[in-house]
Each structure stands twice: as C-alpha cells, then as structure tokens.
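One file, upload_5.cif, is given below (mmCIF, C-alpha atoms).
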data_query
loop_
_atom_site.label_atom_id
_atom_site.label_comp_id
_atom_site.auth_asym_id
_atom_site.auth_seq_id
_atom_site.Cartn_x
_atom_site.Cartn_y
_atom_site.Cartn_z
CA MET C 1449 20.51 23.96 -14.10
CA THR C 1450 21.90 20.75 -12.60
CA ARG C 1451 19.73 17.93 -11.34
CA GLY C 1452 20.00 18.81 -7.62
CA PRO C 1453 18.77 22.43 -7.84
CA ARG C 1454 16.09 21.36 -10.33
CA LEU C 1455 14.81 18.78 -7.86
CA LEU C 1456 14.83 21.33 -5.03
CA LEU C 1457 13.00 23.83 -7.22
CA SER C 1458 10.39 21.23 -8.15
CA LEU C 1459 9.88 20.31 -4.51
CA GLY C 1460 9.57 23.98 -3.56
CA LEU C 1461 7.00 24.59 -6.28
CA GLY C 1462 5.13 21.49 -5.17
CA VAL C 1463 4.92 22.74 -1.59
CA LEU C 1464 3.81 26.16 -2.80
CA THR C 1465 1.15 24.60 -5.00
CA LEU C 1466 -0.17 22.59 -2.07
CA GLY C 1467 -0.31 25.77 -0.02
CA LEU C 1468 -2.18 27.86 -2.57
CA PRO C 1469 -5.63 26.30 -2.17
CA LEU C 1470 -5.46 27.02 1.55
CA MET C 1471 -4.79 30.69 0.81
CA ALA C 1472 -7.72 30.76 -1.58
CA LEU C 1473 -9.99 29.13 0.99
CA ALA C 1474 -8.92 31.63 3.63
CA HIS C 1475 -10.48 34.53 1.75
CA SER C 1476 -13.18 32.98 -0.44
CA PRO C 1477 -13.80 36.21 -2.40
CA TYR C 1478 -16.37 34.69 -4.75
CA PRO C 1479 -19.56 33.06 -3.47
CA GLY C 1480 -19.54 29.32 -4.10
CA VAL C 1481 -15.79 29.03 -4.66
CA ARG C 1482 -15.35 27.34 -1.31
CA GLY C 1483 -17.89 24.67 -2.26
CA PHE C 1484 -15.98 23.95 -5.46
CA TYR C 1485 -12.76 23.37 -3.54
CA VAL C 1486 -14.57 21.23 -0.98
CA GLY C 1487 -15.90 19.05 -3.80
CA ALA C 1488 -12.61 18.96 -5.71
CA LEU C 1489 -10.56 18.02 -2.66
CA HIS C 1490 -13.13 15.59 -1.25
CA PRO C 1491 -11.53 12.47 -2.79
CA LEU C 1492 -8.30 13.35 -1.02
CA THR C 1493 -9.95 13.55 2.39
CA THR C 1494 -10.98 9.89 2.47
CA PRO C 1495 -8.08 7.40 2.58
CA ALA C 1496 -10.16 4.66 0.89
CA HIS C 1497 -10.82 6.98 -2.07
CA VAL C 1498 -7.16 7.97 -2.32
CA LEU C 1499 -6.21 4.29 -2.36
CA LEU C 1500 -8.61 3.51 -5.23
CA ILE C 1501 -7.46 6.57 -7.20
CA VAL C 1502 -3.82 5.54 -6.80
CA ALA C 1503 -4.59 1.94 -7.83
CA VAL C 1504 -6.63 2.90 -10.91
CA SER C 1505 -4.13 5.56 -11.92
CA ILE C 1506 -1.23 3.11 -11.82
CA LEU C 1507 -3.29 0.51 -13.68
CA LEU C 1508 -4.24 2.92 -16.47
CA GLY C 1509 -0.79 4.51 -16.61
CA SER C 1510 1.00 1.18 -16.85
CA GLN C 1511 -1.44 -0.64 -19.14
CA VAL C 1512 -2.68 2.05 -21.52
CA ARG C 1513 0.16 3.38 -23.64
CA GLU C 1514 -1.97 4.73 -26.50
CA GLY C 1515 -5.47 6.13 -26.76
CA ARG C 1516 -5.58 7.25 -23.14
CA MET C 1517 -8.22 9.86 -23.98
CA ARG C 1518 -10.93 7.18 -24.45
CA TYR C 1519 -10.37 5.96 -20.90
CA LEU C 1520 -10.40 9.46 -19.46
CA VAL C 1521 -13.66 10.22 -21.25
CA THR C 1522 -15.07 7.02 -19.74
CA VAL C 1523 -13.97 8.11 -16.26
CA PHE C 1524 -15.49 11.56 -16.78
CA THR C 1525 -18.80 10.19 -18.07
CA ALA C 1526 -19.07 7.54 -15.36
CA THR C 1527 -18.21 10.08 -12.66
CA ALA C 1528 -20.85 12.48 -13.96
CA ALA C 1529 -23.40 9.64 -14.07
CA GLY C 1530 -22.46 8.62 -10.54
CA LEU C 1531 -22.89 12.15 -9.22
CA VAL C 1532 -26.36 12.41 -10.74
CA LEU C 1533 -27.47 8.92 -9.70
CA ALA C 1534 -26.03 9.36 -6.21
CA PHE C 1535 -29.04 11.48 -5.29
CA VAL C 1536 -31.35 8.64 -6.38
CA LEU C 1537 -29.40 5.53 -5.38
CA SER C 1538 -27.78 6.81 -2.19
CA GLY C 1539 -28.52 4.32 0.56
CA PHE C 1540 -29.48 1.56 -1.85
CA LEU C 1541 -26.00 0.83 -3.17
CA PRO C 1542 -23.22 -0.19 -0.71
CA SER C 1543 -20.76 2.02 -2.59
CA ALA C 1544 -18.30 2.38 0.32
CA LEU C 1545 -17.94 -1.39 0.52
CA MET C 1546 -17.77 -1.68 -3.26
CA ILE C 1547 -14.90 0.82 -3.31
CA LEU C 1548 -12.91 -1.48 -1.02
CA VAL C 1549 -13.71 -4.55 -3.14
CA LEU C 1550 -12.71 -2.69 -6.31
CA THR C 1551 -9.49 -1.44 -4.69
CA THR C 1552 -8.57 -5.01 -3.73
CA ILE C 1553 -9.27 -6.26 -7.26
CA VAL C 1554 -7.40 -3.45 -9.01
CA GLY C 1555 -4.44 -3.89 -6.64
CA ALA C 1556 -4.36 -7.62 -7.44
CA LEU C 1557 -4.53 -6.90 -11.18
CA LEU C 1558 -1.47 -4.66 -10.86
CA ILE C 1559 0.55 -7.69 -9.82
CA LEU C 1560 -0.24 -9.67 -12.99
CA PRO C 1561 2.63 -9.55 -15.48
CA ARG C 1562 0.38 -9.30 -18.52
CA THR C 1563 -1.54 -6.77 -20.57
CA LEU C 1564 -5.21 -6.62 -19.67
CA PRO C 1565 -7.95 -6.33 -22.32
CA GLY C 1566 -9.09 -2.79 -23.10
CA TRP C 1567 -12.74 -3.45 -22.21
CA LEU C 1568 -11.73 -4.59 -18.73
CA LEU C 1569 -9.57 -1.53 -18.14
CA MET C 1570 -12.37 0.70 -19.36
CA ALA C 1571 -14.91 -1.03 -17.12
CA LEU C 1572 -12.63 -0.72 -14.08
CA ALA C 1573 -11.89 2.94 -14.81
CA GLY C 1574 -15.57 3.74 -15.30
CA LEU C 1575 -16.65 1.82 -12.20
CA SER C 1576 -14.02 3.63 -10.14
CA GLY C 1577 -15.26 7.04 -11.24
CA PHE C 1578 -18.87 5.98 -10.68
CA LEU C 1579 -18.31 4.65 -7.15
CA LEU C 1580 -16.12 7.58 -6.11
CA ALA C 1581 -18.86 9.91 -7.33
CA MET C 1582 -21.50 7.97 -5.41
CA GLU C 1583 -19.54 8.63 -2.23
CA SER C 1584 -19.00 12.31 -3.00
CA ILE C 1585 -22.45 13.86 -2.74
CA PRO C 1586 -22.48 16.95 -0.51
CA ASP C 1587 -24.74 17.63 2.44
CA PRO C 1588 -28.17 19.11 1.57
CA GLY C 1589 -28.21 22.86 0.99
CA ALA C 1590 -29.05 25.55 -1.53
CA PHE C 1591 -29.31 24.11 -5.05
CA LEU C 1592 -26.55 26.28 -6.50
CA ASP C 1593 -24.13 25.48 -3.65
CA VAL C 1594 -24.77 21.75 -4.06
CA LEU C 1595 -24.32 22.03 -7.83
CA ILE C 1596 -21.00 23.83 -7.48
CA THR C 1597 -19.73 21.29 -4.94
CA VAL C 1598 -20.82 18.39 -7.18
CA PHE C 1599 -19.05 20.04 -10.12
CA GLY C 1600 -15.95 20.35 -7.94
CA SER C 1601 -16.11 16.62 -7.17
CA LEU C 1602 -16.42 15.82 -10.88
CA VAL C 1603 -13.37 17.91 -11.70
CA GLY C 1604 -11.42 16.62 -8.69
CA ILE C 1605 -11.98 12.91 -9.35
CA HIS C 1606 -11.30 13.27 -13.05
CA TYR C 1607 -8.14 15.35 -12.64
CA LEU C 1608 -6.70 13.10 -9.94
CA ILE C 1609 -7.09 9.99 -12.13
CA MET C 1610 -5.92 11.84 -15.23
CA TYR C 1611 -2.75 13.22 -13.64
CA GLY C 1612 -2.18 10.03 -11.64
CA SER C 1613 -2.27 7.84 -14.73
CA ARG C 1614 -0.10 10.29 -16.65
CA GLY C 1615 2.37 10.26 -13.75
CA ALA C 1616 2.52 6.46 -13.77
CA GLY C 1617 3.05 6.50 -17.54
CA TYR C 1618 5.76 9.13 -17.17
CA ALA C 1619 7.52 7.02 -14.53
CA LEU C 1620 7.63 4.11 -17.00
CA ASP C 1621 9.05 6.34 -19.74
CA ARG C 1622 11.48 8.20 -17.51
CA TRP C 1623 13.03 5.35 -15.52
CA ASP C 1624 13.96 1.75 -16.22
CA SER C 1625 10.56 0.35 -17.17
CA ARG C 1626 11.43 -3.13 -15.83
CA VAL C 1627 12.21 -1.77 -12.37
CA THR C 1628 9.22 0.59 -12.49
CA HIS C 1629 6.90 -2.31 -13.36
CA LEU C 1630 8.29 -4.21 -10.37
CA GLY C 1631 7.58 -1.17 -8.19
CA PHE C 1632 4.01 -1.08 -9.50
CA ARG C 1633 3.57 -4.78 -8.69
CA VAL C 1634 4.83 -4.30 -5.15
CA ALA C 1635 2.51 -1.28 -4.79
CA GLY C 1636 -0.34 -3.42 -6.15
CA SER C 1637 0.25 -6.10 -3.52
CA TRP C 1638 0.33 -3.48 -0.78
CA ILE C 1639 -2.87 -1.82 -2.06
CA SER C 1640 -4.62 -5.17 -2.36
CA ALA C 1641 -3.49 -6.21 1.13
CA ILE C 1642 -4.81 -2.95 2.61
CA GLY C 1643 -8.07 -3.51 0.73
CA VAL C 1644 -8.46 -7.03 2.16
CA LEU C 1645 -7.82 -5.78 5.69
CA MET C 1646 -10.25 -2.91 5.23
CA LEU C 1647 -12.92 -5.28 3.95
CA ALA C 1648 -12.43 -7.43 7.03
CA PHE C 1649 -12.76 -4.36 9.25
CA SER C 1650 -15.94 -3.33 7.44
CA LEU C 1651 -17.50 -6.78 7.64
CA SER C 1652 -16.57 -7.31 11.29
CA GLY C 1653 -18.65 -4.29 12.32
CA PRO C 1654 -17.89 -1.68 14.98
CA MET W 1068 33.15 1.95 0.27
CA SER W 1069 31.33 2.00 -3.07
CA ASN W 1070 28.14 4.00 -3.55
CA ARG W 1071 26.09 0.81 -3.78
CA LEU W 1072 27.43 -0.63 -0.52
CA ARG W 1073 26.93 2.73 1.18
CA MET W 1074 23.32 2.81 0.00
CA ILE W 1075 22.71 -0.75 1.21
CA SER W 1076 24.22 -0.07 4.63
CA THR W 1077 22.14 3.11 4.94
CA LEU W 1078 18.94 1.26 4.01
CA SER W 1079 19.77 -1.52 6.47
CA ALA W 1080 20.04 1.05 9.24
CA LEU W 1081 16.55 2.45 8.56
CA PRO W 1082 14.61 -0.06 10.73
CA PHE W 1083 16.71 0.91 13.74
CA PHE W 1084 15.79 4.57 13.28
CA LEU W 1085 12.17 3.52 12.92
CA LEU W 1086 12.45 1.80 16.30
CA LEU W 1087 13.72 5.02 17.84
CA SER W 1088 10.80 7.12 16.57
CA PRO W 1089 8.36 6.32 19.43
CA LEU W 1090 10.65 8.26 21.79
CA VAL W 1091 9.56 11.54 20.24
CA HIS W 1092 5.81 10.91 20.42
CA ALA W 1093 4.54 13.65 22.69
CA HIS W 1094 0.85 13.27 21.90
CA THR W 1095 -1.79 10.58 22.12
CA GLU W 1096 -2.45 8.40 19.09
CA GLU W 1097 -5.89 9.24 17.81
CA GLY W 1098 -7.70 9.55 14.51
CA VAL W 1099 -6.18 8.89 11.11
CA VAL W 1100 -2.59 9.68 12.12
CA GLY W 1101 -2.88 7.68 15.34
CA GLY W 1102 -4.24 4.70 13.43
CA PHE W 1103 -1.38 4.91 10.97
CA ILE W 1104 1.24 5.14 13.72
CA SER W 1105 -0.16 2.26 15.74
CA GLY W 1106 -0.54 0.15 12.58
CA PHE W 1107 2.99 1.01 11.51
CA LEU W 1108 4.49 0.17 14.89
CA HIS W 1109 2.48 -2.99 15.51
CA PRO W 1110 4.61 -5.36 13.42
CA ILE W 1111 7.82 -3.56 14.38
CA TYR W 1112 7.23 -4.11 18.10
CA GLY W 1113 7.04 -7.88 17.64
CA PRO W 1114 10.60 -9.22 17.30
CA ASP W 1115 9.28 -12.59 16.10
CA HIS W 1116 7.51 -10.80 13.25
CA VAL W 1117 10.48 -8.56 12.49
CA VAL W 1118 13.01 -11.36 12.05
CA ALA W 1119 10.65 -13.38 9.83
CA MET W 1120 9.81 -10.43 7.57
CA VAL W 1121 13.44 -9.41 7.24
CA ALA W 1122 14.23 -13.06 6.46
CA VAL W 1123 11.66 -13.04 3.64
CA GLY W 1124 13.45 -10.09 2.03
CA MET W 1125 16.88 -11.61 2.61
CA TRP W 1126 15.87 -14.93 1.10
CA GLY W 1127 14.29 -13.18 -1.88
CA ALA W 1128 17.51 -11.24 -2.50
CA PHE W 1129 19.49 -14.45 -2.06
CA LEU W 1130 17.39 -16.28 -4.65
CA GLY W 1131 17.59 -13.39 -7.12
CA ASN W 1132 15.10 -12.45 -9.81
CA PRO W 1133 12.10 -13.05 -9.83
CA ALA W 1134 12.01 -14.19 -6.18
CA ILE W 1135 13.46 -10.86 -5.05
CA TRP W 1136 10.13 -9.18 -5.86
CA LEU W 1137 7.77 -12.15 -5.89
CA LEU W 1138 8.25 -13.16 -2.24
CA PRO W 1139 7.69 -9.61 -0.88
CA VAL W 1140 4.58 -9.42 -3.10
CA VAL W 1141 3.17 -12.76 -1.94
CA PHE W 1142 3.79 -12.23 1.78
CA PRO W 1143 1.69 -9.06 2.38
CA LEU W 1144 -1.17 -10.38 0.26
CA VAL W 1145 -1.45 -13.70 2.08
CA MET W 1146 -0.73 -12.01 5.40
CA ALA W 1147 -3.69 -9.71 4.76
CA PHE W 1148 -5.95 -12.74 4.28
CA GLY W 1149 -4.63 -14.12 7.56
CA GLY W 1150 -5.26 -10.72 9.14
CA ALA W 1151 -8.81 -10.76 7.79
CA LEU W 1152 -9.41 -14.15 9.43
CA GLY W 1153 -8.17 -12.68 12.71
CA VAL W 1154 -10.29 -9.53 12.41
CA LEU W 1155 -13.37 -11.61 11.65
CA GLY W 1156 -12.67 -13.78 14.70
CA LEU W 1157 -12.10 -17.01 12.77
CA PRO W 1158 -9.74 -19.24 14.74
CA LEU W 1159 -6.45 -20.58 13.41
CA PRO W 1160 -4.57 -23.23 15.43
CA LEU W 1161 -0.90 -23.05 16.44
CA VAL W 1162 -0.42 -19.42 15.41
CA GLU W 1163 2.51 -18.65 17.73
CA ILE W 1164 4.21 -21.92 16.82
CA GLY W 1165 3.72 -21.12 13.13
CA ILE W 1166 5.31 -17.70 13.59
CA ALA W 1167 8.31 -19.15 15.44
CA ALA W 1168 8.61 -21.87 12.78
CA SER W 1169 8.66 -19.21 10.07
CA ALA W 1170 11.77 -17.62 11.62
CA ILE W 1171 13.44 -21.03 12.00
CA VAL W 1172 12.67 -22.23 8.46
CA LEU W 1173 13.30 -18.95 6.61
CA GLY W 1174 16.50 -18.37 8.59
CA LEU W 1175 17.66 -21.89 7.72
CA MET W 1176 16.91 -21.28 4.04
CA VAL W 1177 19.27 -18.31 4.09
CA LEU W 1178 21.88 -20.02 6.28
CA LEU W 1179 22.04 -23.10 4.07
CA ALA W 1180 21.65 -21.03 0.87
CA LEU W 1181 18.85 -23.36 -0.27
CA ARG W 1182 17.32 -22.69 -3.68
CA PRO W 1183 14.04 -24.56 -4.01
CA PRO W 1184 11.77 -24.02 -7.06
CA LEU W 1185 10.14 -20.60 -7.09
CA TRP W 1186 6.64 -21.93 -6.43
CA VAL W 1187 7.87 -23.83 -3.36
CA ALA W 1188 9.44 -20.65 -1.99
CA ALA W 1189 6.25 -18.67 -2.69
CA VAL W 1190 3.99 -21.30 -1.06
CA LEU W 1191 6.28 -21.53 1.97
CA VAL W 1192 6.38 -17.76 2.46
CA GLY W 1193 2.64 -17.47 1.84
CA ALA W 1194 1.83 -20.21 4.36
CA PHE W 1195 3.84 -18.46 7.06
CA GLY W 1196 2.24 -15.14 6.08
CA ILE W 1197 -1.17 -16.46 7.17
CA PHE W 1198 0.10 -17.06 10.73
CA HIS W 1199 1.68 -13.61 10.96
CA GLY W 1200 -1.44 -11.93 9.57
CA HIS W 1201 -3.76 -13.81 11.89
CA ALA W 1202 -1.71 -12.84 14.94
CA HIS W 1203 -1.86 -9.16 13.92
CA GLY W 1204 -5.56 -9.40 13.07
CA THR W 1205 -6.53 -10.72 16.49
CA GLU W 1206 -4.40 -8.15 18.33
CA LEU W 1207 -5.73 -5.04 16.59
CA PRO W 1208 -6.57 -2.10 18.83
CA ALA W 1209 -10.27 -1.33 18.65
CA ALA W 1210 -9.90 2.46 18.84
CA SER W 1211 -7.65 2.96 15.81
CA ASN W 1212 -8.79 4.31 12.47
CA PRO W 1213 -9.06 1.00 10.56
CA LEU W 1214 -7.90 2.15 7.14
CA SER W 1215 -4.91 4.17 8.30
CA TYR W 1216 -4.07 1.28 10.66
CA ALA W 1217 -4.09 -1.13 7.70
CA ILE W 1218 -1.96 1.25 5.59
CA GLY W 1219 0.62 1.64 8.36
CA PHE W 1220 0.62 -2.09 9.04
CA VAL W 1221 1.20 -3.07 5.41
CA LEU W 1222 3.78 -0.32 4.83
CA ALA W 1223 5.81 -1.39 7.87
CA THR W 1224 5.75 -4.98 6.65
CA GLY W 1225 6.85 -3.91 3.19
CA LEU W 1226 9.65 -1.74 4.56
CA MET W 1227 10.96 -4.63 6.63
CA HIS W 1228 11.02 -6.74 3.48
CA LEU W 1229 12.93 -3.96 1.75
CA ALA W 1230 15.39 -3.79 4.64
CA GLY W 1231 15.86 -7.56 4.30
CA ILE W 1232 16.35 -7.23 0.53
CA ALA W 1233 18.87 -4.42 1.04
CA PHE W 1234 20.84 -6.51 3.50
CA GLY W 1235 20.46 -9.66 1.39
CA MET W 1236 21.98 -7.89 -1.61
CA LEU W 1237 25.27 -7.91 0.26
CA ALA W 1238 25.39 -11.57 -0.76
CA ASN W 1239 26.67 -10.42 -4.14
CA SER W 1240 30.15 -10.13 -2.60
CA PRO W 1241 31.98 -13.06 -0.92
CA ARG W 1242 32.25 -11.38 2.48
CA GLY W 1243 28.70 -10.11 2.26
CA ARG W 1244 27.53 -13.64 1.52
CA ILE W 1245 29.06 -14.80 4.80
CA ALA W 1246 27.36 -11.91 6.61
CA VAL W 1247 23.97 -12.71 5.09
CA ARG W 1248 24.20 -16.44 5.82
CA THR W 1249 25.31 -15.69 9.38
CA ALA W 1250 22.31 -13.40 9.78
CA GLY W 1251 20.13 -16.25 8.51
CA GLY W 1252 21.60 -18.49 11.20
CA LEU W 1253 20.91 -15.87 13.87
CA ILE W 1254 17.31 -15.52 12.67
CA SER W 1255 16.87 -19.28 12.82
CA ALA W 1256 18.34 -19.38 16.33
CA SER W 1257 16.00 -16.60 17.44
CA GLY W 1258 13.14 -18.65 15.98
CA ILE W 1259 14.10 -21.56 18.25
CA TYR W 1260 14.02 -19.14 21.20
CA PHE W 1261 10.53 -17.93 20.17
CA LEU W 1262 9.41 -21.55 19.75
CA THR W 1263 10.45 -22.46 23.28
CA GLY W 1264 8.47 -19.46 24.51
CA ALA W 1265 5.41 -20.52 22.47
CA LEU W 1266 5.57 -24.08 23.79
#
Just give me the structure of the file as structure tokens.
Amino acid sequence: MTRGPRLLLSLGLGVLTLGLPLMALAHSPYPGVRGFYVGALHPLTTPAHVLLIVAVSILLGSQVREGRMRYLVTVFTATAAGLVLAFVLSGFLPSALMILVLTTIVGALLILPRTLPGWLLMALAGLSGFLLAMESIPDPGAFLDVLITVFGSLVGIHYLIMYGSRGAGYALDRWDSRVTHLGFRVAGSWISAIGVLMLAFSLSGP
Amino acid sequence: MSNRLRMISTLSALPFFLLLSPLVHAHTEEGVVGGFISGFLHPIYGPDHVVAMVAVGMWGAFLGNPAIWLLPVVFPLVMAFGGALGVLGLPLPLVEIGIAASAIVLGLMVLLALRPPLWVAAVLVGAFGIFHGHAHGTELPAASNPLSYAIGFVLATGLMHLAGIAFGMLANSPRGRIAVRTAGGLISASGIYFLTGAL
C-alpha cells in the first residue's frame, strides 16, 4: 500500500475510533460503564487539562529516550494518590491555578535546548498526574458509581500521558529529529504563552 | 515552479483565506468555540499587529538558523507577558506608538537586510512583543471563554509568524530576495502610516 492510501486509511480509522465511544455511551448496556467513560474522557473536556497533558507528554517524549516505564509508573502512582487525596484536600489546594502555573513552567522547559535531570522530569510528571487527578473528582453519588468514575479518570489521565509521550518520541524517531525538536520548542513557547495569559485571566477575577 | 516554491506560495496565501473565514460565520460566538474564534481573529483584525508579526517571521527567515525559530519563540512568550499586564490592568505608556515603531523597525531590518547579533534581534523582537501583548490584553472581550481565547490568540500569532517565515524563505533566491526586501519596505512604510495615526 502506498503512502497516500495508508494515510487515508489511518485517518479513517482515527475518525472511527473517535466515534466508537459515542456509540458505546448511547446504549450503556452495563451499569457503571457510562461513569467510567465520563471519568476517562474528563481530562479531554477541560482545555487547561489538555494543555498540561500535551506539554508533559512532549516533555517526557522528547527528554526520556530510555526507561520510560519508571516515569509512567510515577504518573500512575501520583494520579492515584491525587484521586484519593482529592476527597480530603479539595478546596484547600488551588489545584486549578497550580495546573496553569505548571503548564507555563513545562512549556518554558520545552524551549530549553538541553537535557533535563531525571529527578526533575519525574517530579514534573508526578505533579502533573497529581494535579490533574485533584481536578477530576466526580460529583457526589453512590459509592460504586463514584469509584468507577474515579477509576476511569485514573486510566484516562495515565493513558493520555502514556500515548502522548510515546507519540512525541515516535515523532522524533520517524522524522528529522532536529526539525521535530524545533517544532517542540515552538509548541512549548505557545503553550507557555497560553499559560501566562490564562494565569492573568485567573488572577484578574471575573 | 518547484515543489518548494509552490509550497511557500501556498502557505503565504493562507492568511488571506483566514481573513475570508468570518464571512461564513452564521452563528453567535459563545462558549469555548466562540472564545477560540474571537481570540484567533483578534490579532488578525489589527493590520498594525499583522504586519509586525509577519515581519518577525520574515526577519527570522532572513537571518537564518537559529533566528528562524528563536524569534517566533521569543515573540509569543514576551507578548503573553505584555498581555498579562494588560489583563491585570497595569498601565504601559506609548503602546500604540510602540506597535507602530515595531512595524517601522522590523520592516527596516528586512529592507536593509541588517544582521545584528542574535541576542540583539531577540531583545528587539521581545521588547516590541510587550507592546503588542499589552494592546491585546487591554482589548479583550469580557464574555469570551478565557482559555480558548488565549489558545486562539496565540495560535493566530504563531501562524502569522509562520506565514512570514514562509514568505521570507523566498529570500533564498535572488528574485525572492528582492521581493522579501520590498515587502520589508512596505511594512516599514505602513508602520509610518500607523505612527501618524497614533500621534
């Protein structure tokens, strides 16, 4: 198969894949399944969360070339901790504002033309998962429904960062890494600029 | 026409199509999408902003690597800080004059094919970015979704830089170089027009 039809096929499959969850939600044959999808897709419904996920994914994908599993385990653990602690700390921690600050910082770090220390990357990855989880607690309801939705959020956040970072790493391997790095830097400046503006909006009040 | 030139000319035409897009808006701009659209169109509707941002890309392409990516990275970042000052209501003097001066100076840089040290170029572009950002920050519509507005605003700025880079890459050929330098002269002349309006 030549490149053109392969690209078209990939795009078609992508569109189909995006459509499938909607079909599943339309019927909801198993009790609780809807809550899982709500939790899993929650990070994608908030633009600030999407921005942080994109920033962290690019950072991990471009900086971590080996031993990626350690970072993903960190994200998973921190996300799980955040989901549990969210019920205790909700209202005490300005997690929405912290997400914007972290997005601005991670975006700025993407611009730097140097390899960052592993501990810093791990801290940023963990903090991202933790803060995203803090902002992902569902509305009060039956214990089992809440649990399933929280589990969905855990899976959603983790998978988005995992596939995002793998995608960024793949882009570096697949295309000219010099040009791809430049693209990541430009993306970093855009992400950081959006973060700064969002912080200003948040601090200026309604 | 070679594939590369065809690609450059196609990319250069993109901003004009972006300008046409408001004609097909049949609905009111509300919510996330409305915020994105109004943020995206805000810099495009200001010709003084457009010429300066295109000039940044053109000058970057003219200077070559690493300026070709460094200037478009510096500008949105510093512009965002300027925008934050505007959003927070912190005053900045001579904003309109600064914006007009940015078109004059950046256009002259391209016209005269000046090649200052990289840090000078970055500081110059960054300084002008504050004025542009502040002007946008103080003119923000209150009803828009802030985040999608910011995303649209930054994306539009970045795309105008890319359009400038695409056009500036024509400078690799002798005739293209004349075209790019002429465009720099036109941008500088338009800056003088904006300056007379600001004064």
* To do: Give me, as a PyMOL selection string, the contact residues of chain W against chain C at a cut-off of 12 Å, counting only C-alpha atoms.
  => chain W and resi 1099-1100+1102-1103+1106+1132-1157+1196+1200-1201+1203-1205+1207-1226+1228-1229
* To do: Run the PyMOL selection byres ((chain C and resi 1595) around 12) on the file and write out the hits as a count of residues only.
  => 27
* Residues at most 8 Å from stretch 1175-1180 of chain W, counting all atoms listed in the file, excluding those fewer than 6 positions away in the same chain, as a VMD selection string? -> chain W and resid 1122 1125 to 1126 1129 1247 to 1252 1255
Residue subset to file, keeping C-alpha atoms, as a PDB file, in the frame of the given file:
ATOM      1  CA  ALA W1122      14.230 -13.060   6.460  1.00  0.00           C
ATOM      2  CA  MET W1125      16.880 -11.610   2.610  1.00  0.00           C
ATOM      3  CA  TRP W1126      15.870 -14.930   1.100  1.00  0.00           C
ATOM      4  CA  PHE W1129      19.490 -14.450  -2.060  1.00  0.00           C
ATOM      5  CA  VAL W1247      23.970 -12.710   5.090  1.00  0.00           C
ATOM      6  CA  ARG W1248      24.200 -16.440   5.820  1.00  0.00           C
ATOM      7  CA  THR W1249      25.310 -15.690   9.380  1.00  0.00           C
ATOM      8  CA  ALA W1250      22.310 -13.400   9.780  1.00  0.00           C
ATOM      9  CA  GLY W1251      20.130 -16.250   8.510  1.00  0.00           C
ATOM     10  CA  GLY W1252      21.600 -18.490  11.200  1.00  0.00           C
ATOM     11  CA  SER W1255      16.870 -19.280  12.820  1.00  0.00           C
TER      12      SER W1255
END
* Quick one: residues within 12 Å of (-3.0, 13.1, -13.5) (file frame), counting only C-alpha atoms, please, as a PyMOL selection string. => chain C and resi 1501-1502+1504-1506+1508-1509+1516+1520+1603-1618
* Name the residues captured by the PyMOL selection byres ((chain C and resi 1563-1575) around 10) when it is applied to the shown file; answer as a VMD selection string. => chain C and resid 1501 1504 to 1505 1507 to 1508 1510 to 1512 1518 to 1527 1529 to 1530 1546 to 1547 1550 to 1551 1553 to 1554 1557 to 1558 1560 to 1562 1576 to 1581 1609
* Can you turn the PyMOL selection byres ((chain W and resi 1235) around 9) into a concrete residue list for this file, as a PyMOL selection string? => chain W and resi 1122+1124-1129+1230-1234+1236-1239+1243-1244+1246-1248
Would you save the residues from that selection as a compact mmCIF listing (two decimals), in the coordinates of the input, using C-alpha atoms?
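And here is the file that came out, again_8.txt:
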# COMPACT_ATOMS: atom_id res chain seq x y z
CA ALA W 1122 14.23 -13.06 6.46
CA GLY W 1124 13.45 -10.09 2.03
CA MET W 1125 16.88 -11.61 2.61
CA TRP W 1126 15.87 -14.93 1.10
CA GLY W 1127 14.29 -13.18 -1.88
CA ALA W 1128 17.51 -11.24 -2.50
CA PHE W 1129 19.49 -14.45 -2.06
CA ALA W 1230 15.39 -3.79 4.64
CA GLY W 1231 15.86 -7.56 4.30
CA ILE W 1232 16.35 -7.23 0.53
CA ALA W 1233 18.87 -4.42 1.04
CA PHE W 1234 20.84 -6.51 3.50
CA MET W 1236 21.98 -7.89 -1.61
CA LEU W 1237 25.27 -7.91 0.26
CA ALA W 1238 25.39 -11.57 -0.76
CA ASN W 1239 26.67 -10.42 -4.14
CA GLY W 1243 28.70 -10.11 2.26
CA ARG W 1244 27.53 -13.64 1.52
CA ALA W 1246 27.36 -11.91 6.61
CA VAL W 1247 23.97 -12.71 5.09
CA ARG W 1248 24.20 -16.44 5.82
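Picture a line from atom CA of C:Asp1621 to atom CA of C:Ala1488; it runs 28.7 Å.
A straight line drawn from atom CA of W:Phe1195 to atom CA of W:Pro1183 is 16.2 Å long.
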* **atom CA of W:Ser1240 to atom CA of W:Ala1188, distance in Å rounded to a single decimal** =>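 For atom CA of W:Ser1240 relative to atom CA of W:Ala1188, the distance reads 23.2 Å.
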Mind filling out stretch 1517-1528 of chain C with N, CA and C atoms and sending it as a compact mmCIF listing (two decimals), in the frame of the given file?
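Contents of out_23.txt, as written:
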# COMPACT_ATOMS: atom_id res chain seq x y z
N MET C 1517 -7.08 8.93 -24.04
CA MET C 1517 -8.22 9.86 -23.98
C MET C 1517 -9.55 9.11 -23.82
N ARG C 1518 -9.68 7.96 -24.52
CA ARG C 1518 -10.93 7.18 -24.45
C ARG C 1518 -11.23 6.80 -23.00
N TYR C 1519 -10.18 6.40 -22.29
CA TYR C 1519 -10.37 5.96 -20.90
C TYR C 1519 -10.73 7.14 -20.00
N LEU C 1520 -10.11 8.28 -20.27
CA LEU C 1520 -10.40 9.46 -19.46
C LEU C 1520 -11.82 9.96 -19.71
N VAL C 1521 -12.27 9.85 -20.95
CA VAL C 1521 -13.66 10.22 -21.25
C VAL C 1521 -14.61 9.29 -20.52
N THR C 1522 -14.25 8.00 -20.48
CA THR C 1522 -15.07 7.02 -19.74
C THR C 1522 -15.15 7.39 -18.27
N VAL C 1523 -13.98 7.73 -17.68
CA VAL C 1523 -13.97 8.11 -16.26
C VAL C 1523 -14.86 9.33 -16.04
N PHE C 1524 -14.72 10.32 -16.92
CA PHE C 1524 -15.49 11.56 -16.78
C PHE C 1524 -16.99 11.28 -16.86
N THR C 1525 -17.38 10.49 -17.87
CA THR C 1525 -18.80 10.19 -18.07
C THR C 1525 -19.36 9.39 -16.89
N ALA C 1526 -18.60 8.38 -16.47
CA ALA C 1526 -19.07 7.54 -15.36
C ALA C 1526 -19.15 8.35 -14.07
N THR C 1527 -18.18 9.24 -13.86
CA THR C 1527 -18.21 10.08 -12.66
C THR C 1527 -19.43 11.00 -12.68
N ALA C 1528 -19.68 11.60 -13.84
CA ALA C 1528 -20.85 12.48 -13.96
C ALA C 1528 -22.14 11.69 -13.71
